[in-house]
Amino acid sequence: MSSPDTEAMATPATNAISTFTSNIRVKLRTPARQRNLELVLVLFAIGVNLSLIALVQLGALGHLGFGAITLSAVLGVLILGVHATLRVVAPDADPLILPIITVLNGLGIAMIYRIDLADHRSGWDSAGIKQIVWTALAIAIAIAVLIIVRNHRVLQRYRYIAMFSGIVLLLLPMLPVVGSTVNGARLWVALGPFSFQPGELAKVALAIFFAGYLVTARDSLSMVGRTILGITFPRARDLGPILVVFTISMLVLVFQRDLGTALLYFGLFLVMIYVATGRSSWVILGVGMFLGGALIASQTLSYVHGRVEAWLDPFNPDIYNAEGGSYQLVQGLFGFANGGLIGTGLGRGRPDITPLASSDYIVSALGEELGLVGLFAILALYLLFVSRGFRIGFAGQDDFGRLLGVGLSFAIALQVFVVIGGVTRVIPLTGLTTPFLAAGGSSLAANWIIAALLLRLSDAVRHKPLLVVDPEVSPKLVVGQ
Amino acid sequence: MMSELTLLLLRIGFLIVLWGFVFAIVYSLRSDLFGQKVRRLPAAAGASRQTAVAPTAPAVSRPTKSRPETGASLDATRLVITSGAKQGLEVELPAETLTIGRSNESGLVIRDDYTSTHHARLLRWNDGWVVQDLDSTNGTFLNGVRVTVPTHVPLNTPVKIGATSFELRR
């Protein structure tokens, strides 16, 4: 081919290409493949939830009752509402998060309802009805978060507001009038008939703050330091943030008397600073600080000391019968033992013997009635949820989103470990709620907000590629010529 | 009243359903576990590209020679594929980051045997674009030199990933 010809073709052809690529980008958007998968799995999940309620009724009452099943179906409709919202505002969001939390939430409701039946509570007194109402409210909040937060990067701008509201929420239970003490821990805010646990929401606010702060500060936290034994330790002047968070956790431990929350906040910060800087020295430092602090606390604070004793020697009659001793822990363990491999069957065990079976000890109640097999399915669901969160963080396009995704999902993972570890006597028992399962509105709301934020992050991650270079198509090009 | 046998069967049945749900989810994310299956593009999209790409192949190599400037890439607005399967195609550069790899989550997906799942990324740095290799197996080459640390990418300089090369253009 002669060169003038080529030149003549060059300009219009290039123009044609650029219009073509922009056209193709639109065409490649296969609409809602993620959402159709989600719809199938959500319908499966709703079916699991309905059969849970039916099995509880068959096991505990011997017949089916329509009240509870109807309420569960109403929740199913609300969850389909979340699904519909996602179709509009976040069509590329992760399709697995919603089905997973639907089943976890349904398992919690069924078990709380089952314990209500054992305790002969019904109507508005029963924890089950309250849990259903709280779930409905939490779902509504999650939908609102999805609609309002259209771009997660906006949250980075509000990081100092998040910090401020996180600290205020943490301190709220300490105030004289509204704060109230439940079971020895000063974690609650009571306003008339309503009580709320603001620390749960502080978890979300602090994760947003940590992510926003570490994105800007990580260079100074990761670049300099001195090396001891092959590990680079940070300079003394860079220790400020970790000391502040450590102090806050210790204050929670001393004044709110809550070991679990202290562990959760400090662990969350530690993991986020590790992910942001990639330096193991932060983890070594942090774990050392926390173990030191916990050791001192176990010697000086009576309630921490009691928890550790109950953990080490629960079957000692003195500790078993003591006030705040190991009675609850041992009853939970007896529950697990009674359940065995495949459980007593829903409605057929005695989970109501354990104190607080519907909140702190819901895992032992589920372990009793669903057995080891069922408990492992629950743990697998948590594992899948957290792995989706880490995956979203890993694939994120911006550093803030990556840190936030890892932080939020790690908060859930740590909470599950602390609660189930405490109930199964792996670590000393602490008072955290089991995410999505345990009775309690504040915890449900906070965890649904976390799920909504993860869905929002995953929508940003899973945008369609700009261009796909696929050699399988290229031989055709030559043939076509 | 239900018989004990029925309840036992229901109990075991429910556990099977619960695990069925877990495995349904694991099955849906199998691409995460076993890697991305190499798939063909939809036939229609492929066909429209074939007609578009062919005439430009000679046109693309020309501007490189005619435009000698290799200044700061701050004002680079597009990425042009200069060799490989999609030779001649161009895309607009995103605002901050462009990830490159075999994974579907990448901004620029290159599916060939030499590309790693998360291969490299282009980042907008202070005064231009920087290419960073994400520990890929076969490496990222800037003007023929393997990239080990995040390296500034000048305009009109070929970046080679697997069998594909691209340049940043104004």
# chains A, B, ... in the order shown; residues from 1 in each chain; ligands from 1
$ residues_around --residues "Gln131 in chain A" --least-positions-apart "4" --cutoff "10 Å" --atoms "only C-alpha atoms" --output "PyMOL selection string"
chain A and resi 105+108-110+112-113+126-127+135-137+437-441+444
$ write_last_selection --atoms "C-alpha atoms" --output "PDB file, in the first residue's frame"
ATOM      1  CA  ASN A 105     -30.307 -12.238  61.106  1.00  0.00           C
ATOM      2  CA  GLY A 108     -30.951 -14.823  65.499  1.00  0.00           C
ATOM      3  CA  ILE A 109     -34.669 -13.979  65.307  1.00  0.00           C
ATOM      4  CA  ALA A 110     -35.675 -17.650  65.297  1.00  0.00           C
ATOM      5  CA  ILE A 112     -34.775 -15.355  70.280  1.00  0.00           C
ATOM      6  CA  TYR A 113     -38.370 -16.296  69.411  1.00  0.00           C
ATOM      7  CA  SER A 126     -41.169 -10.659  74.009  1.00  0.00           C
ATOM      8  CA  ALA A 127     -37.632 -10.094  72.833  1.00  0.00           C
ATOM      9  CA  THR A 135     -34.427  -5.560  62.274  1.00  0.00           C
ATOM     10  CA  ALA A 136     -37.028  -3.709  60.213  1.00  0.00           C
ATOM     11  CA  LEU A 137     -35.648  -0.420  61.508  1.00  0.00           C
ATOM     12  CA  LEU A 437     -27.510 -12.767  65.736  1.00  0.00           C
ATOM     13  CA  ALA A 438     -27.809 -11.337  69.243  1.00  0.00           C
ATOM     14  CA  ALA A 439     -30.851  -9.503  70.545  1.00  0.00           C
ATOM     15  CA  GLY A 440     -30.295  -5.756  70.599  1.00  0.00           C
ATOM     16  CA  GLY A 441     -31.286  -2.885  68.348  1.00  0.00           C
ATOM     17  CA  LEU A 444     -28.334  -4.641  64.576  1.00  0.00           C
TER      18      LEU A 444
END
$ closest_residue --among "A:Ser165, A:Thr424, A:Gln34, A:Ser281" --to "chain B" --atoms "only C-alpha atoms"
A:Gln34
$ atom_distance --atom1 "CA of Asn143 in chain B" --atom2 "CA of Val469 in chain A"
20.3 Å
$ residues_around --residues "Leu142 in chain B" --least-positions-apart "6" --cutoff "9 Å" --atoms "only C-alpha atoms" --output "count of residues only"
7
$ atom_distance --atom1 "CA of Ala460 in chain A" --atom2 "CA of Gly106 in chain A"
28.4 Å
$ residues_around --residues "His152 in chain B" --least-positions-apart "3" --cutoff "8 Å" --atoms "only C-alpha atoms" --output "tab-separated table (two decimals) with N, CA and C atoms, in the first residue's frame"
chain	number	residue	atom	x	y	z
B	128	GLY	N	2.63	13.67	37.14
B	128	GLY	CA	2.35	12.84	35.99
B	128	GLY	C	1.93	11.45	36.39
B	129	TRP	N	2.02	10.52	35.46
B	129	TRP	CA	1.58	9.16	35.71
B	129	TRP	C	2.76	8.28	36.08
B	130	VAL	N	2.50	7.35	37.01
B	130	VAL	CA	3.54	6.47	37.51
B	130	VAL	C	3.04	5.04	37.32
B	131	VAL	N	3.92	4.15	36.85
B	131	VAL	CA	3.52	2.75	36.74
B	131	VAL	C	4.16	1.97	37.89
$ residues_around --residues "Val271 in chain A" --least-positions-apart "2" --cutoff "10 Å" --atoms "only C-alpha atoms" --output "MDAnalysis selection string"
chainID A and resid 266:269 273:278 280 282:283 286 403 406:407 410:411
$ write_last_selection --atoms "N, CA and C atoms" --output "CSV table (one decimal), in the first residue's frame"
chain,number,residue,atom,x,y,z
A,266,PHE,N,-9.3,-1.2,70.1
A,266,PHE,CA,-7.9,-1.2,70.0
A,266,PHE,C,-7.5,-2.1,68.8
A,267,GLY,N,-8.1,-3.3,68.7
A,267,GLY,CA,-7.8,-4.2,67.7
A,267,GLY,C,-8.1,-3.6,66.3
A,268,LEU,N,-9.2,-2.9,66.2
A,268,LEU,CA,-9.6,-2.3,64.9
A,268,LEU,C,-8.5,-1.3,64.5
A,269,PHE,N,-8.1,-0.5,65.4
A,269,PHE,CA,-7.0,0.5,65.1
A,269,PHE,C,-5.7,-0.2,64.7
A,273,ILE,N,-3.9,0.2,61.1
A,273,ILE,CA,-2.6,0.8,61.0
A,273,ILE,C,-1.6,-0.2,60.3
A,274,TYR,N,-1.8,-1.5,60.6
A,274,TYR,CA,-1.0,-2.5,60.0
A,274,TYR,C,-1.2,-2.6,58.5
A,275,VAL,N,-2.5,-2.5,58.1
A,275,VAL,CA,-2.8,-2.6,56.7
A,275,VAL,C,-2.3,-1.3,56.0
A,276,ALA,N,-2.4,-0.2,56.6
A,276,ALA,CA,-2.0,1.1,56.0
A,276,ALA,C,-0.5,1.2,55.8
A,277,THR,N,0.3,0.7,56.8
A,277,THR,CA,1.7,0.8,56.7
A,277,THR,C,2.5,-0.4,56.3
A,278,GLY,N,1.8,-1.6,56.5
A,278,GLY,CA,2.5,-2.8,56.1
A,278,GLY,C,3.7,-3.2,57.0
A,280,SER,N,4.9,-4.9,60.6
A,280,SER,CA,4.5,-5.8,61.7
A,280,SER,C,4.9,-5.2,63.0
A,282,TRP,N,4.1,-2.5,64.3
A,282,TRP,CA,2.9,-1.9,65.0
A,282,TRP,C,2.1,-2.9,65.7
A,283,VAL,N,2.0,-4.1,65.1
A,283,VAL,CA,1.2,-5.2,65.7
A,283,VAL,C,1.9,-5.7,66.9
A,286,GLY,N,1.5,-3.0,69.6
A,286,GLY,CA,0.1,-2.9,70.0
A,286,GLY,C,-0.3,-4.1,70.9
A,403,LEU,N,-9.0,0.9,53.0
A,403,LEU,CA,-8.8,0.8,54.4
A,403,LEU,C,-10.1,0.6,55.1
A,406,VAL,N,-11.5,-3.0,54.7
A,406,VAL,CA,-10.8,-3.9,55.6
A,406,VAL,C,-11.2,-3.7,57.1
A,407,GLY,N,-11.2,-2.4,57.5
A,407,GLY,CA,-11.5,-2.0,58.9
A,407,GLY,C,-12.9,-2.5,59.3
A,410,PHE,N,-13.1,-6.3,59.4
A,410,PHE,CA,-12.3,-6.8,60.5
A,410,PHE,C,-13.0,-6.6,61.8
A,411,ALA,N,-13.7,-5.5,61.9
A,411,ALA,CA,-14.5,-5.2,63.2
A,411,ALA,C,-15.5,-6.3,63.4
$ closest_residue --among "B:Asn126, B:Ser28, B:Asn138, B:Thr117" --to "chain A" --atoms "only C-alpha atoms"
B:Ser28
$ residues_around --residues "Gly371 in chain A" --least-positions-apart "4" --cutoff "8 Å" --atoms "only C-alpha atoms" --output "PyMOL selection string"
chain A and resi 336+339-344+366-367+375
$ residues_around --residues "Leu457 in chain A" --least-positions-apart "4" --cutoff "8 Å" --atoms "only C-alpha atoms" --output "PyMOL selection string"
chain A and resi 93+152+392+396+401+405+453+461
$ write_last_selection --atoms "N, CA and C atoms" --output "CSV table (one decimal), in the first residue's frame"
chain,number,residue,atom,x,y,z
A,93,ALA,N,-22.9,-3.9,43.1
A,93,ALA,CA,-22.5,-4.2,44.5
A,93,ALA,C,-22.4,-5.7,44.6
A,152,HIS,N,-18.4,6.7,48.4
A,152,HIS,CA,-17.8,6.6,49.7
A,152,HIS,C,-16.7,7.6,50.0
A,392,ILE,N,-13.3,-6.9,49.0
A,392,ILE,CA,-13.7,-5.6,48.5
A,392,ILE,C,-12.6,-4.6,48.9
A,396,GLY,N,-10.2,-2.6,46.0
A,396,GLY,CA,-10.6,-1.2,45.9
A,396,GLY,C,-9.6,-0.4,45.1
A,401,GLY,N,-11.1,3.8,50.5
A,401,GLY,CA,-12.0,2.7,50.4
A,401,GLY,C,-11.5,1.4,50.8
A,405,GLY,N,-12.9,-0.7,53.9
A,405,GLY,CA,-13.5,-2.0,53.7
A,405,GLY,C,-12.8,-3.0,54.6
A,453,LEU,N,-22.4,0.0,54.0
A,453,LEU,CA,-21.2,0.6,53.5
A,453,LEU,C,-20.3,-0.3,52.7
A,461,VAL,N,-16.0,-0.7,43.5
A,461,VAL,CA,-14.9,-1.6,43.1
A,461,VAL,C,-15.3,-2.3,41.8
$ select_by_dssp --residues "range 88-130 of chain B" --states "strand (DSSP E or B)" --output "ChimeraX atom specification"
/B:90-92,97-101,108-110,120-125,128-130
$ closest_residue --among "A:Pro317, A:Gly332, A:Gly260, A:Gly393" --to "chain B" --atoms "only C-alpha atoms"
A:Gly393
